[in-house]
file structure37.txt (compact mmCIF, C-alpha atoms and all ligand atoms)
# COMPACT_ATOMS: atom_id res chain seq x y z
CA MET A 1003 0.00 0.00 0.00
CA GLU A 1004 1.26 3.46 -0.82
CA ILE A 1005 0.25 6.92 0.18
CA THR A 1006 -0.71 8.63 -3.04
CA GLY A 1007 -1.84 12.03 -1.88
CA VAL A 1008 -2.43 14.43 0.96
CA ASN A 1009 -5.43 16.72 1.26
CA GLN A 1010 -5.61 19.61 3.65
CA TYR A 1011 -8.76 21.31 4.88
CA HIS A 1012 -8.67 24.56 6.81
CA LEU A 1013 -11.81 24.70 8.91
CA ARG A 1014 -13.24 27.51 10.96
CA TYR A 1015 -16.33 26.53 12.87
CA GLY A 1016 -18.48 29.29 14.34
CA MET A 1017 -19.15 28.45 17.97
CA ASP A 1018 -22.62 28.83 19.45
CA ASP A 1019 -21.17 30.65 22.46
CA SER A 1020 -17.81 32.26 23.04
CA PHE A 1021 -15.03 30.71 25.09
CA ARG A 1022 -12.32 32.47 27.13
CA PRO A 1023 -9.38 30.05 27.31
CA ALA A 1024 -7.30 30.41 30.46
CA TRP A 1025 -4.12 29.97 28.40
CA LYS A 1026 -4.99 32.99 26.25
CA PRO A 1027 -5.81 35.78 28.71
CA GLY A 1028 -7.94 38.59 27.35
CA HIS A 1029 -9.02 36.58 24.29
CA GLU A 1030 -12.59 35.62 23.54
CA GLN A 1031 -12.70 32.66 21.20
CA THR A 1032 -15.70 32.53 18.86
CA GLU A 1033 -14.39 30.04 16.30
CA HIS A 1034 -12.95 26.56 16.55
CA GLU A 1035 -10.17 26.46 13.98
CA VAL A 1036 -8.86 23.10 12.79
CA LEU A 1037 -6.42 21.89 10.15
CA LEU A 1038 -7.60 18.53 8.88
CA PHE A 1039 -5.33 16.27 6.85
CA GLU A 1040 -6.38 13.30 4.77
CA LEU A 1041 -3.88 10.76 3.50
CA GLU A 1042 -5.00 8.90 0.37
CA THR A 1043 -3.66 5.48 -0.60
CA ASP A 1044 -3.63 3.29 -3.67
CA ALA A 1045 -5.76 0.80 -1.70
CA GLY A 1046 -8.66 3.24 -1.74
CA ILE A 1047 -8.40 3.75 2.02
CA SER A 1048 -7.98 7.23 3.46
CA GLY A 1049 -6.68 8.17 6.89
CA VAL A 1050 -7.50 11.40 8.68
CA ALA A 1051 -5.99 13.43 11.47
CA THR A 1052 -5.83 17.02 12.60
CA ALA A 1053 -2.85 19.23 13.41
CA SER A 1054 -2.55 21.45 16.43
CA GLY A 1055 -5.72 23.30 15.74
CA PHE A 1056 -5.95 26.43 17.71
CA ALA A 1057 -3.00 28.08 15.97
CA GLY A 1058 -4.77 27.42 12.71
CA ARG A 1059 -1.89 28.30 10.42
CA ILE A 1060 0.68 26.19 8.68
CA ASP A 1061 2.12 28.65 6.16
CA TYR A 1062 5.56 29.15 7.69
CA LEU A 1063 6.34 32.36 5.86
CA GLU A 1064 3.11 33.97 6.99
CA LEU A 1065 3.74 32.76 10.53
CA ALA A 1066 7.29 34.13 10.58
CA GLU A 1067 6.02 37.50 9.38
CA LEU A 1068 3.35 37.47 12.04
CA PHE A 1069 5.90 37.00 14.79
CA LEU A 1070 8.76 39.13 13.50
CA VAL A 1071 7.36 42.14 11.65
CA GLY A 1072 7.54 45.05 14.02
CA GLU A 1073 10.21 43.59 16.28
CA ASP A 1074 13.57 45.26 16.88
CA PRO A 1075 16.23 43.00 15.33
CA ARG A 1076 18.82 44.29 17.80
CA ASP A 1077 16.81 43.00 20.75
CA ILE A 1078 18.14 39.49 20.28
CA ASP A 1079 16.68 37.99 23.45
CA ARG A 1080 13.20 39.15 22.55
CA VAL A 1081 13.58 37.91 18.96
CA ARG A 1082 14.74 34.55 20.28
CA ASP A 1083 11.69 34.33 22.50
CA LYS A 1084 9.50 35.03 19.45
CA LEU A 1085 11.35 32.37 17.44
CA ASP A 1086 10.90 29.86 20.23
CA THR A 1087 7.15 30.31 20.06
CA LEU A 1088 7.27 30.28 16.25
CA ASN A 1089 8.96 26.88 16.50
CA LEU A 1090 6.21 25.68 18.79
CA TRP A 1091 3.43 26.80 16.43
CA GLY A 1092 5.10 25.63 13.26
CA PRO A 1093 3.99 22.48 11.52
CA ARG A 1094 4.66 19.52 13.78
CA PRO A 1095 4.52 16.15 12.04
CA TRP A 1096 2.88 13.81 14.57
CA HIS A 1097 -0.65 14.04 13.19
CA PHE A 1098 0.47 12.30 9.99
CA GLU A 1099 1.43 9.24 12.06
CA VAL A 1100 -2.05 9.30 13.62
CA ALA A 1101 -3.60 9.35 10.11
CA CYS A 1102 -1.48 6.29 9.25
CA TRP A 1103 -2.91 4.44 12.26
CA ASP A 1104 -6.37 5.29 10.94
CA ILE A 1105 -5.43 3.64 7.61
CA VAL A 1106 -3.91 0.58 9.32
CA GLY A 1107 -7.05 0.11 11.42
CA LYS A 1108 -9.38 0.55 8.46
CA ASP A 1109 -7.33 -1.96 6.42
CA ALA A 1110 -7.53 -4.51 9.27
CA GLY A 1111 -11.19 -3.76 10.01
CA LYS A 1112 -10.32 -3.09 13.66
CA PRO A 1113 -10.21 -0.08 15.98
CA VAL A 1114 -6.76 1.27 16.73
CA TYR A 1115 -6.96 0.39 20.44
CA GLU A 1116 -7.53 -3.26 19.52
CA LEU A 1117 -4.51 -3.31 17.20
CA LEU A 1118 -2.51 -1.98 20.15
CA GLY A 1119 -3.75 -4.72 22.48
CA GLY A 1120 -6.20 -2.56 24.40
CA SER A 1121 -9.74 -3.01 25.59
CA GLY A 1122 -12.93 -1.19 24.60
CA ASP A 1123 -13.94 -0.67 28.23
CA PRO A 1124 -14.84 2.91 29.16
CA VAL A 1125 -11.95 4.90 30.64
CA PRO A 1126 -12.72 6.93 33.80
CA ALA A 1127 -12.67 10.59 32.86
CA TYR A 1128 -12.00 13.87 34.58
CA ALA A 1129 -13.91 16.96 33.51
CA SER A 1130 -11.33 19.38 32.15
CA THR A 1131 -12.27 23.06 32.41
CA GLY A 1132 -10.81 25.67 30.09
CA GLU A 1133 -11.69 29.00 31.67
CA ARG A 1134 -10.88 30.78 34.91
CA ARG A 1135 -14.15 31.44 36.67
CA GLY A 1136 -15.39 32.78 39.98
CA VAL A 1137 -16.52 30.69 42.92
CA ASP A 1138 -20.28 30.58 42.30
CA GLU A 1139 -20.00 29.87 38.59
CA ARG A 1140 -17.44 27.14 39.13
CA LEU A 1141 -19.38 25.53 41.97
CA ALA A 1142 -22.42 25.33 39.67
CA TYR A 1143 -20.23 23.71 36.99
CA VAL A 1144 -18.86 21.15 39.44
CA GLU A 1145 -22.35 20.30 40.66
CA GLU A 1146 -23.40 19.54 37.07
CA ARG A 1147 -20.35 17.36 36.43
CA VAL A 1148 -20.74 15.45 39.69
CA ASP A 1149 -24.41 14.85 38.81
CA GLU A 1150 -23.22 13.45 35.47
CA GLY A 1151 -20.96 10.99 37.30
CA PHE A 1152 -17.52 12.62 37.10
CA GLU A 1153 -15.28 11.96 40.09
CA ALA A 1154 -12.54 14.41 39.16
CA VAL A 1155 -12.33 17.96 37.79
CA LYS A 1156 -9.34 19.87 36.47
CA LEU A 1157 -9.25 23.61 37.17
CA ARG A 1158 -7.13 26.37 35.63
CA CYS A 1159 -4.74 28.72 37.35
CA HIS A 1160 -2.93 30.94 34.86
CA GLY A 1161 -1.68 34.43 35.49
CA ASP A 1162 0.09 36.77 37.85
CA ASP A 1163 -2.29 36.27 40.76
CA PRO A 1164 -3.27 32.66 41.47
CA GLY A 1165 -5.12 33.76 44.60
CA PRO A 1166 -8.65 33.78 43.13
CA ASP A 1167 -8.15 30.37 41.46
CA LEU A 1168 -6.87 28.87 44.71
CA GLU A 1169 -9.89 30.31 46.53
CA VAL A 1170 -12.18 28.63 43.96
CA THR A 1171 -10.30 25.39 44.59
CA ARG A 1172 -10.68 25.71 48.37
CA ARG A 1173 -14.42 26.33 48.08
CA ILE A 1174 -14.89 23.32 45.81
CA ARG A 1175 -12.91 21.19 48.25
CA GLU A 1176 -15.17 22.32 51.12
CA ALA A 1177 -18.30 21.44 49.14
CA TYR A 1178 -16.93 18.18 47.66
CA PRO A 1179 -14.47 16.56 50.10
CA ASP A 1180 -14.05 13.41 47.98
CA LEU A 1181 -13.74 14.96 44.53
CA THR A 1182 -10.27 14.63 42.98
CA LEU A 1183 -9.06 18.03 41.81
CA MET A 1184 -6.32 18.72 39.30
CA MET A 1185 -4.84 22.15 38.62
CA ASP A 1186 -3.42 23.22 35.27
CA ALA A 1187 -1.16 26.28 35.29
CA ASN A 1188 -0.50 26.19 31.51
CA MET A 1189 2.96 27.67 32.11
CA GLY A 1190 4.70 25.18 29.85
CA TRP A 1191 4.28 27.03 26.55
CA SER A 1192 2.99 30.21 24.92
CA VAL A 1193 0.19 31.05 22.53
CA PRO A 1194 0.95 33.28 19.52
CA MET A 1195 0.57 36.98 20.21
CA VAL A 1196 -0.18 36.54 23.90
CA GLU A 1197 2.41 37.52 26.45
CA VAL A 1198 2.13 36.13 29.95
CA GLU A 1199 4.80 36.50 32.60
CA PRO A 1200 5.85 32.95 33.48
CA TRP A 1201 5.79 31.89 37.10
CA SER A 1202 9.05 31.92 38.97
CA PHE A 1203 10.15 28.82 40.85
CA GLY A 1204 8.89 30.53 44.02
CA ASP A 1205 5.49 31.27 42.43
CA ALA A 1206 5.11 27.62 41.43
CA LEU A 1207 6.20 26.37 44.85
CA GLY A 1208 3.76 28.76 46.52
CA VAL A 1209 0.85 27.38 44.50
CA ALA A 1210 1.96 23.80 45.15
CA ARG A 1211 2.06 24.45 48.91
CA GLU A 1212 -1.43 25.96 48.82
CA LEU A 1213 -2.69 22.93 46.94
CA GLU A 1214 -1.06 20.61 49.49
CA ALA A 1215 -3.05 22.34 52.21
CA ILE A 1216 -6.28 22.00 50.19
CA GLY A 1217 -5.65 18.26 49.77
CA GLY A 1218 -6.98 15.63 47.37
CA ILE A 1219 -5.02 17.09 44.45
CA GLY A 1220 -4.48 14.70 41.54
CA TRP A 1221 -1.69 16.83 40.12
CA LEU A 1222 -0.35 20.30 39.41
CA GLU A 1223 0.15 20.53 35.65
CA GLU A 1224 2.81 22.58 33.85
CA PRO A 1225 3.78 24.99 36.63
CA LEU A 1226 7.05 25.80 34.80
CA ASP A 1227 8.36 25.82 31.23
CA ARG A 1228 8.05 22.46 29.45
CA ARG A 1229 11.86 22.11 29.17
CA ASN A 1230 12.78 23.26 32.66
CA TYR A 1231 13.70 19.72 33.65
CA ASP A 1232 15.77 20.71 36.68
CA GLY A 1233 13.30 23.27 37.95
CA LEU A 1234 10.44 20.79 37.77
CA ALA A 1235 12.58 18.20 39.55
CA ARG A 1236 13.41 20.64 42.36
CA LEU A 1237 9.76 21.55 42.66
CA ARG A 1238 8.80 17.89 42.79
CA GLU A 1239 11.26 17.34 45.65
CA LYS A 1240 9.76 20.18 47.68
CA THR A 1241 6.08 19.30 47.43
CA ASP A 1242 3.83 16.31 47.91
CA VAL A 1243 1.53 17.46 45.12
CA PRO A 1244 2.25 15.35 42.02
CA ILE A 1245 3.77 17.39 39.18
CA ALA A 1246 2.49 16.75 35.64
CA GLY A 1247 3.45 17.88 32.15
CA GLY A 1248 4.47 17.04 28.59
CA GLU A 1249 1.48 17.96 26.38
CA PHE A 1250 3.55 20.23 24.12
CA ASN A 1251 6.95 18.62 24.47
CA ASP A 1252 8.25 17.47 21.16
CA GLY A 1253 9.11 13.83 20.72
CA VAL A 1254 9.82 10.91 23.02
CA HIS A 1255 13.29 12.20 23.86
CA HIS A 1256 11.79 15.06 25.86
CA PHE A 1257 10.05 12.49 28.04
CA ARG A 1258 13.35 10.67 28.44
CA GLU A 1259 14.72 13.93 29.85
CA PHE A 1260 11.77 14.24 32.24
CA VAL A 1261 12.48 10.75 33.54
CA LYS A 1262 16.25 11.23 33.66
CA HIS A 1263 15.92 14.41 35.70
CA GLY A 1264 13.10 13.15 37.91
CA SER A 1265 10.99 16.11 36.75
CA LEU A 1266 7.48 14.67 36.78
CA ASP A 1267 5.13 12.34 38.60
CA VAL A 1268 2.65 12.30 35.69
CA LEU A 1269 3.69 12.00 32.02
CA GLN A 1270 1.18 13.63 29.66
CA PRO A 1271 2.10 13.17 26.00
CA ASP A 1272 -0.45 14.00 23.32
CA ALA A 1273 -0.41 11.63 20.35
CA VAL A 1274 -1.23 14.47 17.94
CA LEU A 1275 0.82 17.27 19.43
CA ALA A 1276 3.82 15.63 21.08
CA THR A 1277 4.69 12.08 20.14
CA GLY A 1278 2.37 10.26 17.72
CA VAL A 1279 0.52 7.16 18.86
CA LYS A 1280 3.54 4.89 18.96
CA GLY A 1281 5.63 7.45 20.78
CA ALA A 1282 2.86 7.81 23.37
CA LEU A 1283 2.99 4.06 23.95
CA THR A 1284 6.75 4.31 24.45
CA VAL A 1285 6.15 7.03 27.03
CA ALA A 1286 3.54 4.81 28.71
CA GLY A 1287 6.22 2.13 28.97
CA MET A 1288 8.63 4.63 30.53
CA ALA A 1289 5.98 5.62 33.05
CA ASP A 1290 5.34 1.99 33.93
CA THR A 1291 9.03 1.18 34.29
CA HIS A 1292 9.71 4.16 36.53
CA GLY A 1293 6.56 4.01 38.67
CA LEU A 1294 5.07 7.18 37.20
CA GLU A 1295 1.51 7.96 36.17
CA PHE A 1296 0.57 8.13 32.48
CA ALA A 1297 -2.25 10.54 31.67
CA PRO A 1298 -2.23 11.72 28.03
CA HIS A 1299 -3.35 15.22 27.13
CA THR A 1300 -6.47 15.24 24.94
CA TRP A 1301 -7.59 18.90 24.71
CA ASN A 1302 -7.98 19.21 20.99
CA ASP A 1303 -10.66 18.77 18.35
CA GLY A 1304 -12.72 15.59 18.06
CA LEU A 1305 -10.15 13.68 16.01
CA GLY A 1306 -7.34 14.62 18.38
CA PHE A 1307 -9.47 13.58 21.29
CA VAL A 1308 -10.22 10.13 19.86
CA ALA A 1309 -6.58 9.58 18.82
CA ASN A 1310 -5.58 9.99 22.45
CA LEU A 1311 -8.58 7.98 23.62
CA HIS A 1312 -7.27 4.98 21.66
CA VAL A 1313 -3.91 5.41 23.41
CA LEU A 1314 -5.68 5.60 26.77
CA ALA A 1315 -7.67 2.44 26.01
CA ALA A 1316 -4.51 0.63 24.94
CA THR A 1317 -2.52 1.49 28.06
CA GLY A 1318 -5.00 1.10 30.90
CA ALA A 1319 -4.45 4.72 31.87
CA ARG A 1320 -6.26 5.87 35.01
CA TRP A 1321 -7.78 9.14 33.77
CA CYS A 1322 -9.04 10.37 30.44
CA GLU A 1323 -9.07 14.15 30.08
CA TYR A 1324 -12.62 15.06 28.98
CA PRO A 1325 -12.66 18.70 27.85
CA ILE A 1326 -15.96 20.34 28.70
CA GLU A 1327 -16.63 24.00 29.45
CA PRO A 1328 -20.18 24.98 28.51
CA PRO A 1329 -21.63 27.06 27.05
CA GLY A 1330 -18.61 27.76 24.81
CA TRP A 1331 -16.66 24.51 24.75
CA THR A 1332 -19.25 21.77 24.51
CA PRO A 1333 -18.71 18.23 23.17
CA GLU A 1334 -20.64 19.31 20.05
CA THR A 1335 -18.31 22.26 19.43
CA ARG A 1336 -15.18 20.32 20.37
CA ASP A 1337 -16.12 17.48 17.98
CA PHE A 1338 -17.82 19.54 15.25
CA LEU A 1339 -16.06 17.73 12.42
CA LEU A 1340 -17.43 14.36 13.56
CA GLU A 1341 -20.89 13.07 12.62
CA ALA A 1342 -21.58 12.71 16.35
CA PRO A 1343 -19.62 13.90 19.39
CA VAL A 1344 -17.83 11.43 21.64
CA THR A 1345 -19.60 11.71 24.96
CA ALA A 1346 -18.94 10.64 28.53
CA GLU A 1347 -21.42 8.32 30.25
CA ASN A 1348 -21.36 8.10 34.04
CA GLY A 1349 -18.01 9.83 34.16
CA ALA A 1350 -16.26 7.52 31.70
CA VAL A 1351 -15.56 7.52 27.96
CA ALA A 1352 -15.46 4.44 25.74
CA PRO A 1353 -13.14 4.46 22.72
CA PRO A 1354 -14.95 4.37 19.35
CA ASP A 1355 -15.10 0.74 18.17
CA GLY A 1356 -15.26 1.27 14.40
CA PRO A 1357 -12.25 0.52 12.17
CA GLY A 1358 -9.26 2.85 12.51
CA LEU A 1359 -9.95 5.88 14.67
CA GLY A 1360 -13.52 4.64 14.59
CA VAL A 1361 -15.37 7.87 13.89
CA GLU A 1362 -17.23 9.21 10.87
CA LEU A 1363 -16.45 12.72 9.70
CA ASP A 1364 -19.16 15.19 8.70
CA TRP A 1365 -17.79 15.65 5.19
CA ASP A 1366 -20.67 17.88 4.06
CA LEU A 1367 -19.83 20.35 6.80
CA ILE A 1368 -16.09 19.99 6.17
CA HIS A 1369 -16.47 20.83 2.45
CA ASP A 1370 -18.77 23.72 3.37
CA LEU A 1371 -16.27 25.19 5.85
CA ASP A 1372 -13.04 24.48 3.99
CA GLU A 1373 -10.98 27.61 3.29
CA SER A 1374 -7.91 25.86 1.79
MG MG B 1 -2.58 21.13 30.22
call {"tool": "encode", "arguments": {"input": "structure37.txt", "output": "structure tokens"}}
result
Amino acid sequence: MEITGVNQYHLRYGMDDSFRPAWKPGHEQTEHEVLLFELETDAGISGVATASGFAGRIDYLELAELFLVGEDPRDIDRVRDKLDTLNLWGPRPWHFEVACWDIVGKDAGKPVYELLGGSGDPVPAYASTGERRGVDERLAYVEERVDEGFEAVKLRCHGDDPGPDLEVTRRIREAYPDLTLMMDANMGWSVPMVEVEPWSFGDALGVARELEAIGGIGWLEEPLDRRNYDGLARLREKTDVPIAGGEFNDGVHHFREFVKHGSLDVLQPDAVLATGVKGALTVAGMADTHGLEFAPHTWNDGLGFVANLHVLAATGARWCEYPIEPPGWTPETRDFLLEAPVTAENGAVAPPDGPGLGVELDWDLIHDLDES
């Protein structure tokens, strides 16, 4: 079998309600932007996957201009910071490997998780928030998720003053003593055109200590830069709160560095963004060998979510990240390019059991939206 062609679709889906991502302060998101790729083969089978969607661009020249026009070329440190983020938002290749798995599964007539030796049993999920919200709003959200059967919720804490987010966390803990809470600082990487002062080591340690006092914390995610292996290791030594990260690291070797330095308790590769499916399995093996937790990142579009869900189902991972932040980020909006969203039932998500990635795309909508 040979790959005979690649199609690209640039999709911009108008959301029913806006969304204010914690990792992009001051930005109100009204569109879900996705780059869909389709690999064609001479066997008549096509495989699909999406690239890191919320940058939305893959024209490198345009991206370079976006970052560099207007910058002072003599300010080398600032230019290097811009280039670092340009590198992050450039075209990573891992989604093409995911599309190949879709082809392999379709050719075999089996879902990817089955090819990888996994089970179709539902994976326990945590509700992953995306916004920073006040106490009352967040308590109402948690009540809804607990009623739906979720036993864990991940909150966001991103910015100069973590005080309000920690207060939200304390209030949820008081109301729900048994609920597992995760906290995502999103300090591991940057979003184009958004400047956020990263936490110092002291800032991160301060938040970790507060979370220790709150108790029942599943993990603190990305409190420092994604390549600050030593800093993360020092932090991990000084706190009992598990430290997590890896969603935007690039390739398995970054996870080797995490393990070598003792940086993390929880390894969180993303098959689409960080490692591919096979690389994620390698990281799962590292986690197993070194007594660490494996909890892949899934916050993506519907295809990215299911790619990671197959990895989760193949590795017996403890928690599936289930992104849900209504009214903006609903399963329907998240999975708009699928015929039907992948939904959680009683706080767990089953991997799709069709061949390959196991989901049908809404091709009518895709052709309607395509701007390529
Ligand atoms: Mg995260």
call {"tool": "closest_residue", "arguments": {"input": "structure37.txt", "among": "A:Pro1343, A:Gly1111, A:Gly1360, A:Pro1023", "to": "ligand MG 1 (chain B)", "atoms": "all atoms listed in the file"}}
result
A:Pro1023
call {"tool": "closest_atom_pairs", "arguments": {"input": "structure37.txt", "of": "stretch 1134-1197 of chain A", "to": "stretch 1288-1310 of chain A", "cutoff": "12 Å", "atoms": "only C-alpha atoms", "output": "Markdown table"}}
result
| residue | atom | partner | partner_atom | distance |
| --- | --- | --- | --- | --- |
| A:Lys1156 | CA | A:Trp1301 | CA | 11.9 |
| A:Met1184 | CA | A:Ala1297 | CA | 11.9 |
| A:Asp1186 | CA | A:His1299 | CA | 11.4 |
call {"tool": "closest_atom_pairs", "arguments": {"input": "structure37.txt", "of": "chain A", "to": "ligand MG 1 (chain B)", "cutoff": "12 Å", "atoms": "all atoms listed in the file", "output": "tab-separated table"}}
result
residue	atom	partner	partner_atom	distance
A:Pro1023	CA	B:MG1	MG	11.6
A:Ala1024	CA	B:MG1	MG	10.4
A:Trp1025	CA	B:MG1	MG	9.2
A:Ser1130	CA	B:MG1	MG	9.1
A:Thr1131	CA	B:MG1	MG	10.1
A:Gly1132	CA	B:MG1	MG	9.4
A:Lys1156	CA	B:MG1	MG	9.3
A:Leu1157	CA	B:MG1	MG	9.9
A:Arg1158	CA	B:MG1	MG	8.8
A:Cys1159	CA	B:MG1	MG	10.6
A:His1160	CA	B:MG1	MG	10.9
A:Met1184	CA	B:MG1	MG	10.1
A:Met1185	CA	B:MG1	MG	8.8
A:Asp1186	CA	B:MG1	MG	5.5
A:Ala1187	CA	B:MG1	MG	7.4
A:Asn1188	CA	B:MG1	MG	5.6
A:Met1189	CA	B:MG1	MG	8.8
A:Gly1190	CA	B:MG1	MG	8.3
A:Trp1191	CA	B:MG1	MG	9.8
A:Ser1192	CA	B:MG1	MG	11.9
A:Trp1221	CA	B:MG1	MG	10.8
A:Leu1222	CA	B:MG1	MG	9.5
A:Glu1223	CA	B:MG1	MG	6.1
A:Glu1224	CA	B:MG1	MG	6.7
A:Pro1225	CA	B:MG1	MG	9.8
A:Leu1226	CA	B:MG1	MG	11.6
A:Asp1227	CA	B:MG1	MG	11.9
A:Arg1228	CA	B:MG1	MG	10.7
A:Ile1245	CA	B:MG1	MG	11.6
A:Ala1246	CA	B:MG1	MG	8.6
A:Gly1247	CA	B:MG1	MG	7.1
A:Gly1248	CA	B:MG1	MG	8.3
A:Glu1249	CA	B:MG1	MG	6.4
A:Phe1250	CA	B:MG1	MG	8.7
A:Asn1251	CA	B:MG1	MG	11.4
A:Val1268	CA	B:MG1	MG	11.6
A:Leu1269	CA	B:MG1	MG	11.2
A:Gln1270	CA	B:MG1	MG	8.4
A:Pro1271	CA	B:MG1	MG	10.2
A:Asp1272	CA	B:MG1	MG	10.1
A:Leu1275	CA	B:MG1	MG	12.0
A:Ala1297	CA	B:MG1	MG	10.7
A:Pro1298	CA	B:MG1	MG	9.7
A:His1299	CA	B:MG1	MG	6.7
A:Thr1300	CA	B:MG1	MG	8.8
A:Trp1301	CA	B:MG1	MG	7.8
A:Asn1302	CA	B:MG1	MG	10.9
A:Glu1323	CA	B:MG1	MG	9.5
A:Tyr1324	CA	B:MG1	MG	11.8
A:Pro1325	CA	B:MG1	MG	10.6
call {"tool": "closest_residue", "arguments": {"input": "structure37.txt", "among": "A:Val1196, A:Val1285, A:Leu1213, A:Ala1235", "to": "A:Arg1258", "atoms": "all atoms listed in the file"}}
result
A:Val1285
call {"tool": "closest_residue", "arguments": {"input": "structure37.txt", "among": "A:Gly1233, A:Pro1027, A:Gly1072, A:Gly1151", "to": "A:His1263", "atoms": "all atoms listed in the file"}}
result
A:Gly1233
call {"tool": "residues_around", "arguments": {"input": "structure37.txt", "residues": "A:Val1125", "least_positions_apart": "6", "cutoff": "8 Å", "atoms": "all atoms listed in the file", "output": "list of chain:residue names"}}
result
A:Leu1314, A:Ala1315, A:Gly1318, A:Ala1319, A:Arg1320, A:Trp1321, A:Cys1322, A:Ala1350, A:Val1351, A:Ala1352
